[in-house]
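Visitor: So that we are looking at the same thing, I have put the structure below in structure tokens.
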Amino acid sequence: EYVRAAFESAGLEDVHTQPFTFGESGSGTNVLGLVPGTVAGAGALVITAHLDHLGTRDGAVYNGADDNASGTAALMELARQIAAQPLRRPVLFAAVDAEEQGLRGARALVQAPPIPLETVVMNINMDMISRSEKGELFAVGSYHYPALAEMIEPLLDDLPITLTLGHDRPGSGDWTSASDHAPFHEVGIPFLYFGVEDHAGY
């Protein structure tokens, strides 16, 4: 309800929830909203962040401040900014649920999108973006989609943090399937995933 109210306050169109079920008793609810583009026929962006968190496991509390209130907060702020200054492309904002149960909300979104999936040109996903002792944020996906590196690399030197391309090559440390961008990648939609490595507060 909080995210839905934020989307509505920002002026997004078609703000609604997308309930879904999985397994024998699993369920969740995505929150979706759209900012139309200024150019007719331009392919759409889908920006995602998951709003669920680990909760309490084996007596330890995982409050989810970084995983993933950080991505959800950024999603709401991007919605506000882009609604005020629309892009030429339409942007679907999706706060997805049940990421911790196997990317269930993102899979439900890809299976039943509110916009035609063939019009989606890219997914931008944010999961754990607020904390890094090194001041480092990773942008994942350019190994699979090299054109993205060409877009990002000219911007790297002008940032207040260290943005590093990586964690997307086969082998150890590969985040290609680690978060809600994975269902988009599985159907051939390019993605950029922003996240940090695990830390003591995780």
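Identifiers for the structure tokens are assigned positionally: chains receive A, B, ... in sequence, residues are indexed from 1 per chain, and ligands are indexed from 1 in the order shown.
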Would you list, as JSON, numbers by chain, the residues of region 37-192 of chain A that end up in strand (DSSP E or B) under DSSP run on this structure's backbone?
Guide: {"A": [44, 45, 46, 47, 48, 49, 50, 55, 56, 57, 60, 61, 62, 91, 92, 93, 94, 95, 96, 120, 121, 122, 123, 124, 125, 126, 136, 137, 138, 139, 140, 162, 163, 164, 165, 191, 192]}
Visitor: Each residue of region 110-183 of chain A lying at most 10 Å from region 92-101 of chain A should get a row with its shortest atom-to-atom pair and the distance in Å to one decimal, counting only C-alpha atoms; could you produce that, ordered by chain and increasing number, as a Markdown table?
Guide:
```
| residue | atom | partner | partner_atom | distance |
| --- | --- | --- | --- | --- |
| A:Pro113 | CA | A:Leu92 | CA | 9.8 |
| A:Pro114 | CA | A:Leu92 | CA | 8.7 |
| A:Ile115 | CA | A:Leu92 | CA | 8.3 |
| A:Val120 | CA | A:Leu92 | CA | 9.3 |
| A:Asn123 | CA | A:Leu92 | CA | 9.5 |
| A:Ile124 | CA | A:Phe93 | CA | 9.8 |
| A:Asn125 | CA | A:Ala94 | CA | 9.6 |
| A:Asp127 | CA | A:Glu99 | CA | 9.9 |
| A:Ala178 | CA | A:Glu99 | CA | 9.6 |
| A:Ser179 | CA | A:Glu99 | CA | 7.0 |
| A:Asp180 | CA | A:Glu99 | CA | 6.7 |
```
Visitor: Of the residues A:Thr38, A:Thr56, A:Gln81, A:Ser177, which is the one nearest to Gly102 (chain A), using only C-alpha atoms?
Guide: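 Nearest candidate to Gly102 (chain A) out of A:Thr38, A:Thr56, A:Gln81, A:Ser177: A:Ser177.
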Visitor: Could you find all residues in region 44-197 of chain A that DSSP calls helix (DSSP H, G or I) from the backbone, and write them as a VMD selection string?
Guide: chain A and resid 65 to 84 99 to 101 104 to 111 117 to 119 146 to 158 182 to 186
Visitor: Store the residues of this selection in a file with N, CA and C atoms, as a short mmCIF file (atom, residue, chain, number, x, y, z; two decimals), in the first residue's frame.
Guide:
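Written output follows (part_23.cif):
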```
data_model
loop_
_atom_site.label_atom_id
_atom_site.label_comp_id
_atom_site.auth_asym_id
_atom_site.auth_seq_id
_atom_site.Cartn_x
_atom_site.Cartn_y
_atom_site.Cartn_z
N ALA A 65 16.87 -3.60 5.18
CA ALA A 65 17.13 -2.20 4.84
C ALA A 65 17.86 -2.07 3.51
N ASP A 66 18.86 -2.93 3.30
CA ASP A 66 19.56 -2.90 2.02
C ASP A 66 18.90 -3.87 1.04
N ASP A 67 18.49 -5.03 1.54
CA ASP A 67 17.90 -6.08 0.69
C ASP A 67 16.42 -6.27 1.01
N ASN A 68 15.46 -5.43 0.52
CA ASN A 68 15.79 -4.52 -0.55
C ASN A 68 14.99 -3.21 -0.43
N ALA A 69 14.91 -2.69 0.79
CA ALA A 69 14.29 -1.36 0.91
C ALA A 69 15.08 -0.33 0.11
N SER A 70 16.39 -0.54 -0.04
CA SER A 70 17.20 0.42 -0.80
C SER A 70 16.75 0.49 -2.25
N GLY A 71 16.58 -0.67 -2.88
CA GLY A 71 16.12 -0.68 -4.27
C GLY A 71 14.72 -0.16 -4.43
N THR A 72 13.84 -0.47 -3.46
CA THR A 72 12.46 -0.01 -3.52
C THR A 72 12.39 1.50 -3.37
N ALA A 73 13.20 2.06 -2.47
CA ALA A 73 13.24 3.52 -2.29
C ALA A 73 13.71 4.19 -3.58
N ALA A 74 14.74 3.64 -4.20
CA ALA A 74 15.23 4.20 -5.46
C ALA A 74 14.17 4.10 -6.55
N LEU A 75 13.45 2.98 -6.57
CA LEU A 75 12.38 2.80 -7.55
C LEU A 75 11.32 3.89 -7.41
N MET A 76 10.90 4.17 -6.18
CA MET A 76 9.89 5.20 -5.96
C MET A 76 10.39 6.58 -6.35
N GLU A 77 11.68 6.86 -6.07
CA GLU A 77 12.22 8.17 -6.42
C GLU A 77 12.39 8.31 -7.93
N LEU A 78 12.83 7.26 -8.60
CA LEU A 78 12.91 7.30 -10.05
C LEU A 78 11.53 7.50 -10.68
N ALA A 79 10.53 6.86 -10.09
CA ALA A 79 9.16 7.05 -10.59
C ALA A 79 8.75 8.51 -10.48
N ARG A 80 9.07 9.13 -9.36
CA ARG A 80 8.73 10.54 -9.17
C ARG A 80 9.45 11.43 -10.17
N GLN A 81 10.75 11.17 -10.35
CA GLN A 81 11.55 12.00 -11.26
C GLN A 81 11.11 11.83 -12.72
N ILE A 82 10.90 10.59 -13.13
CA ILE A 82 10.56 10.35 -14.54
C ILE A 82 9.13 10.77 -14.84
N ALA A 83 8.22 10.65 -13.88
CA ALA A 83 6.87 11.15 -14.10
C ALA A 83 6.86 12.66 -14.30
N ALA A 84 7.78 13.35 -13.61
CA ALA A 84 7.87 14.81 -13.75
C ALA A 84 8.55 15.21 -15.06
N GLU A 99 10.81 -12.19 -4.29
CA GLU A 99 12.13 -12.43 -4.88
C GLU A 99 12.88 -13.48 -4.08
N GLU A 100 12.73 -13.39 -2.76
CA GLU A 100 13.47 -14.31 -1.89
C GLU A 100 12.96 -15.74 -1.98
N GLN A 101 11.81 -15.94 -2.60
CA GLN A 101 11.26 -17.29 -2.79
C GLN A 101 11.51 -17.83 -4.20
N ARG A 104 9.78 -14.97 -7.79
CA ARG A 104 8.41 -15.31 -8.18
C ARG A 104 7.65 -14.13 -8.75
N GLY A 105 7.82 -12.95 -8.15
CA GLY A 105 7.11 -11.79 -8.65
C GLY A 105 7.57 -11.36 -10.03
N ALA A 106 8.87 -11.40 -10.26
CA ALA A 106 9.39 -11.04 -11.58
C ALA A 106 8.92 -12.05 -12.62
N ARG A 107 8.89 -13.32 -12.24
CA ARG A 107 8.41 -14.33 -13.19
C ARG A 107 6.93 -14.12 -13.51
N ALA A 108 6.15 -13.77 -12.50
CA ALA A 108 4.72 -13.49 -12.74
C ALA A 108 4.56 -12.29 -13.65
N LEU A 109 5.42 -11.28 -13.49
CA LEU A 109 5.35 -10.09 -14.33
C LEU A 109 5.68 -10.42 -15.78
N VAL A 110 6.73 -11.22 -15.99
CA VAL A 110 7.12 -11.58 -17.35
C VAL A 110 6.05 -12.47 -18.00
N GLN A 111 5.41 -13.31 -17.20
CA GLN A 111 4.38 -14.19 -17.74
C GLN A 111 3.08 -13.46 -18.06
N LEU A 117 5.11 -7.72 -24.04
CA LEU A 117 6.50 -8.04 -23.73
C LEU A 117 7.42 -7.76 -24.91
N GLU A 118 6.89 -7.90 -26.12
CA GLU A 118 7.72 -7.67 -27.30
C GLU A 118 8.11 -6.20 -27.46
N THR A 119 7.45 -5.30 -26.74
CA THR A 119 7.82 -3.88 -26.81
C THR A 119 8.88 -3.50 -25.78
N PRO A 146 26.94 -6.38 -24.84
CA PRO A 146 28.10 -5.49 -24.90
C PRO A 146 27.77 -4.04 -25.25
N ALA A 147 26.69 -3.80 -25.95
CA ALA A 147 26.33 -2.42 -26.29
C ALA A 147 26.08 -1.59 -25.04
N LEU A 148 25.67 -2.24 -23.96
CA LEU A 148 25.44 -1.51 -22.70
C LEU A 148 26.74 -0.96 -22.15
N ALA A 149 27.83 -1.71 -22.29
CA ALA A 149 29.13 -1.22 -21.82
C ALA A 149 29.52 0.05 -22.56
N GLU A 150 29.25 0.09 -23.85
CA GLU A 150 29.57 1.27 -24.64
C GLU A 150 28.79 2.49 -24.16
N MET A 151 27.58 2.25 -23.64
CA MET A 151 26.76 3.35 -23.14
C MET A 151 27.25 3.82 -21.76
N ILE A 152 27.69 2.86 -20.93
CA ILE A 152 28.01 3.17 -19.54
C ILE A 152 29.43 3.68 -19.35
N GLU A 153 30.39 3.11 -20.06
CA GLU A 153 31.79 3.41 -19.80
C GLU A 153 32.14 4.89 -19.87
N PRO A 154 31.57 5.69 -20.79
CA PRO A 154 31.90 7.13 -20.80
C PRO A 154 31.44 7.87 -19.55
N LEU A 155 30.54 7.28 -18.77
CA LEU A 155 29.99 7.95 -17.59
C LEU A 155 30.73 7.61 -16.30
N LEU A 156 31.60 6.61 -16.33
CA LEU A 156 32.14 6.06 -15.10
C LEU A 156 33.00 7.04 -14.31
N ASP A 157 33.70 7.91 -14.98
CA ASP A 157 34.64 8.79 -14.28
C ASP A 157 33.97 9.97 -13.59
N ASP A 158 32.72 10.24 -13.88
CA ASP A 158 32.05 11.42 -13.34
C ASP A 158 31.10 11.11 -12.19
N ALA A 182 16.71 -11.76 -13.93
CA ALA A 182 16.92 -13.07 -14.57
C ALA A 182 15.75 -13.49 -15.46
N PRO A 183 14.48 -13.37 -15.03
CA PRO A 183 13.39 -13.78 -15.93
C PRO A 183 13.35 -12.97 -17.23
N PHE A 184 13.78 -11.72 -17.18
CA PHE A 184 13.83 -10.92 -18.41
C PHE A 184 14.94 -11.45 -19.33
N HIS A 185 16.10 -11.70 -18.75
CA HIS A 185 17.22 -12.24 -19.52
C HIS A 185 16.85 -13.58 -20.16
N GLU A 186 16.10 -14.40 -19.44
CA GLU A 186 15.72 -15.73 -19.94
C GLU A 186 14.86 -15.66 -21.20
#
```
Visitor: Name the closest residue to Ala200 (chain A) among the candidates A:Glu133, A:Glu24, A:Glu13, A:Asp58; distances are taken between atoms, counting only C-alpha atoms.
Guide: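 So, comparing all the options, the nearest one is A:Glu133.
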Visitor: For a test of reading the model, state the distance in Å between CA of Glu1 (chain A) and CA of Ser130 (chain A), rounded to one decimal.
Guide: 22.8 Å
Visitor: So which one's closest to Leu165 (chain A), A:Leu51, A:Val140, A:Val3, A:Val187? Using only C-alpha atoms, please.
Guide: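 Distance minimum relative to Leu165 (chain A) lands on A:Val140.
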Visitor: I'd like the neighbourhood of His16 (chain A) as number ranges by chain, where a residue qualifies if any of its atoms comes within 7 Å (using only C-alpha atoms), though same-chain residues fewer than 2 positions away should be ignored.
Guide: A: 14, 18, 31-33
Visitor: Would you save the residues from that selection as a PDB file, in the first residue's frame, using C-alpha atoms?
Guide:
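Output file again08.pdb is given in full below:
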```pdb
ATOM      1  CA  ASP A  14      -2.499   2.620 -14.459  1.00  0.00           C
ATOM      2  CA  GLN A  18      -0.772  -7.809  -9.576  1.00  0.00           C
ATOM      3  CA  VAL A  31       2.822  -3.127  -7.514  1.00  0.00           C
ATOM      4  CA  LEU A  32       2.904  -1.620 -11.011  1.00  0.00           C
ATOM      5  CA  GLY A  33       2.652   1.826 -12.551  1.00  0.00           C
TER       6      GLY A  33
END
```
Visitor: I need the residue nearest Val46 (chain A) from this list: A:Gly171, A:Gly135, A:Gly26, A:Pro190. Use only C-alpha atoms for the distance.
Guide: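 Among the listed residues, A:Pro190 lies closest to Val46 (chain A).
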Visitor: Using only C-alpha atoms for the distances, tell me which of A:Gly41, A:Pro116, A:Gly64, A:Gly141 is nearest to Arg88 (chain A).
Guide: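 Among A:Gly41, A:Pro116, A:Gly64, A:Gly141, it is A:Gly41 that comes nearest to Arg88 (chain A).
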